[in-house]
Amino acid sequence: MSASIRRLVAALGVFTSLVLVGTLAYFALGHGRWSLADCAYMTVITISTVGFGELGHMGEVPGARIVTVGLIVSGVGVLAYTQSNLTALLVEGAIGQALRRRKMQKDIDRLSGHVVVAGAGGTGKHVVEELFATQTPFVVIDRSETVLHQLSDDLCEGKMLYVSGDATLDHVLVTAGIVRARGVVAALTHDKDNLYVTLSARSLNASARIVSKVVEDEAGAKIMKAGASATVNPTMIGARRLAGELIRPEVHEFMENLVRDKDKNLRLEEVVIGRGSSFVGVALKDTPIRRETRALVVAVRGSGKEFTYNPEPDYLIVEGTTLIVLGEADSVVKLRKLVAPSEGAA
């Protein structure tokens with residue numbers, strides 16, 4: 001229950017109590033002269049300051065008009081408090097929700113190079129957690145706005161951008177900025193839905209990297225043909241993880257700490273050296289990677305698409321080189337800024 005609803009309930013409680021007290025006071029003072037209905041009617045028109053007329057022979061009843069004055073004074077404050085809370089509830093409700101949606105859509109419309117996550121269920125939840133931890137801009141699509149709102153509060157400090165709707169529909173993907181996105185994660189429950197998302201996303205954005213969840217093994221090939229860049233089978237990964245925990249427990253604990261260490265927030269990330277970067281033509285040892293970011297380069301991938309693990313200090317970086325680095329999320333963000341093309345570079 002929101003704070004506005006709690007305040008409105010409290011105000012209505014005070015108003016009801018005041019009506020009850022006024023009714024009983026009139027009834028007791030009248031000694032049966034007025035019915036409870038008449039006493040309640042008198043109380044309500046007094047509190048609301050309408051005042052059509054007094055109860056019969058009220059002037060003859062000692063204390064009746066004193067009660068009336070008290071109800072008038074109290075009623076003005078109680079009614080004002082109730083009305084203000086009712087207005088706040090309306091603004092927070094339908095009107096406030098509409099304003100928040102409009103603001104969120106404007107924020108989404110300003111995004112470019114973000115990731116669209118289709119599905120906020122068990123798989124999508126962990127995708128969102130990772131994207132938020134690595135400060136990667138993203139938009140989540142799910143049919144349940146309640147689930148989206150809860151996910152935003154639980155994992156993203158209430159800052160998550162989302163679209164409530166069916167991710168298999170083109171206009172919903174467009175609303176999430178699919179045309180400007182650099183990546184799509186299809187994390188819906190059923191393979192056929194992820195297939196639709198992949199087809200739609202590829203037709204709307206030919207250059208986006210699309211990664212889809214698959215449940216059945218035979219669905220993987222179909223989703224790849226539909227335009228996915230890669231597929232992931234959570235069941236298969238889970239099975240390998242179970243076996244690995246038995247065979248290589250220390251290695252798996254190390255890898256788990258990369259994700260779960262909330263203090264250091266270590267990640268294995270890739271950083272691409274683009275045209276105009278100051279790193280182009282520079283030996284690895286002459287870059288400020290360790291000095292300014294404390295990130296560790298564990299592998300590089302050059303134009304030949306072959307990985308070089310634990311590269312030599314003299315390794316020459318060229319345009320298009322991909323650095324595989326181990327570091328904290330903040331360090332990786334800083335490294336991406338360092339390798340960004342210089343202003344004015346072609």
# chains A, B, ... in the order shown; residues from 1 in each chain; ligands from 1
>>> select_by_dssp(residues="stretch 72-283 of chain A", states="strand (DSSP E)", output="VMD selection string")
chain A and resid 115 to 118 138 to 142 161 to 164 183 to 186 209 to 213 230 to 232 266 to 272
>>> residues_around(residues="stretch 118-126 of chain A", least_positions_apart="6", cutoff="7 Å", atoms="only C-alpha atoms", output="MDAnalysis selection string")
chainID A and resid 140:142 148 167 185:188
>>> write_last_selection(atoms="C-alpha atoms", output="PDB file, in the first residue's frame")
ATOM      1  CA  VAL A 140      13.220  -4.211 -20.777  1.00  0.00           C
ATOM      2  CA  ILE A 141       9.997  -5.449 -22.397  1.00  0.00           C
ATOM      3  CA  ASP A 142       7.452  -7.578 -20.554  1.00  0.00           C
ATOM      4  CA  LEU A 148       8.678  -4.640 -14.490  1.00  0.00           C
ATOM      5  CA  ALA A 167       7.789  -8.267 -27.283  1.00  0.00           C
ATOM      6  CA  VAL A 185      18.331 -10.414 -25.706  1.00  0.00           C
ATOM      7  CA  ALA A 186      15.358 -12.706 -26.374  1.00  0.00           C
ATOM      8  CA  ALA A 187      14.643 -14.221 -22.953  1.00  0.00           C
ATOM      9  CA  LEU A 188      10.986 -15.222 -23.213  1.00  0.00           C
TER      10      LEU A 188
END
>>> closest_residue(among="A:Arg6, A:Glu253, A:Val332, A:Val280", to="A:Asn85", atoms="only C-alpha atoms")
A:Arg6
>>> atom_distance(atom1="atom CA of A:Leu24", atom2="atom CA of A:Ile72")
15.9 Å
>>> residues_around(residues="A:Ile324", least_positions_apart="6", cutoff="10 Å", atoms="only C-alpha atoms", output="list in words")
Leu268, Glu269, Glu270, Val271, Val272, Ala295, Leu296, Val297, Val298, Ala299, Val300, Arg301, Phe307, Thr308, Tyr309 and Asn310 of chain A
>>> write_last_selection(atoms="C-alpha atoms", output="PDB file, in the first residue's frame")
ATOM      1  CA  LEU A 268      35.513 -10.308 -17.869  1.00  0.00           C
ATOM      2  CA  GLU A 269      34.760  -7.733 -20.563  1.00  0.00           C
ATOM      3  CA  GLU A 270      35.656  -7.009 -24.180  1.00  0.00           C
ATOM      4  CA  VAL A 271      36.851  -3.614 -25.360  1.00  0.00           C
ATOM      5  CA  VAL A 272      37.162  -2.930 -29.097  1.00  0.00           C
ATOM      6  CA  ALA A 295      42.274  -3.729 -15.599  1.00  0.00           C
ATOM      7  CA  LEU A 296      44.176  -6.865 -16.626  1.00  0.00           C
ATOM      8  CA  VAL A 297      44.412  -7.803 -20.328  1.00  0.00           C
ATOM      9  CA  VAL A 298      44.048 -11.594 -20.381  1.00  0.00           C
ATOM     10  CA  ALA A 299      43.663 -12.026 -24.154  1.00  0.00           C
ATOM     11  CA  VAL A 300      43.489 -10.103 -27.421  1.00  0.00           C
ATOM     12  CA  ARG A 301      41.829 -10.832 -30.738  1.00  0.00           C
ATOM     13  CA  PHE A 307      42.760 -15.252 -29.738  1.00  0.00           C
ATOM     14  CA  THR A 308      46.168 -14.548 -28.230  1.00  0.00           C
ATOM     15  CA  TYR A 309      46.095 -15.469 -24.564  1.00  0.00           C
ATOM     16  CA  ASN A 310      48.306 -13.661 -22.066  1.00  0.00           C
TER      17      ASN A 310
END
>>> closest_residue(among="A:Val339, A:Leu199, A:Ala88, A:Ala329", to="A:Gln135", atoms="only C-alpha atoms")
A:Ala329
>>> residues_around(residues="stretch 205-208 of chain A", least_positions_apart="4", cutoff="9 Å", atoms="only C-alpha atoms", output="list in words")
Ile178, Val179, Arg180, Ala181, Arg182, Gly183, Val184, Ser200, Ala201, Gly227 and Ser229 of chain A
>>> select_by_dssp(residues="stretch 140-277 of chain A", states="alpha helix (DSSP H)", output="JSON, numbers by chain")
{"A": [145, 146, 147, 148, 149, 150, 151, 152, 153, 154, 155, 170, 171, 172, 173, 174, 175, 191, 192, 193, 194, 195, 196, 197, 198, 199, 200, 201, 202, 203, 204, 219, 220, 221, 222, 223, 224, 225, 234, 235, 236, 237, 238, 239, 240, 241, 242, 243, 244, 245, 246, 247, 249, 250, 251, 252, 253, 254, 255, 256, 257, 258, 259, 260]}
>>> residues_around(residues="A:Val214", least_positions_apart="3", cutoff="8 Å", atoms="only C-alpha atoms", output="list in words")
His190, Asp191, Asn194, Asp217, Ala219, Gly220, Thr231, Val232, Asn233 and Pro234 of chain A
>>> closest_residue(among="A:Leu242, A:Val139, A:Ala340, A:Leu18", to="A:Met104", atoms="only C-alpha atoms")
A:Val139
>>> atom_distance(atom1="atom CA of A:Ser278", atom2="atom CA of A:Pro341")
6.8 Å
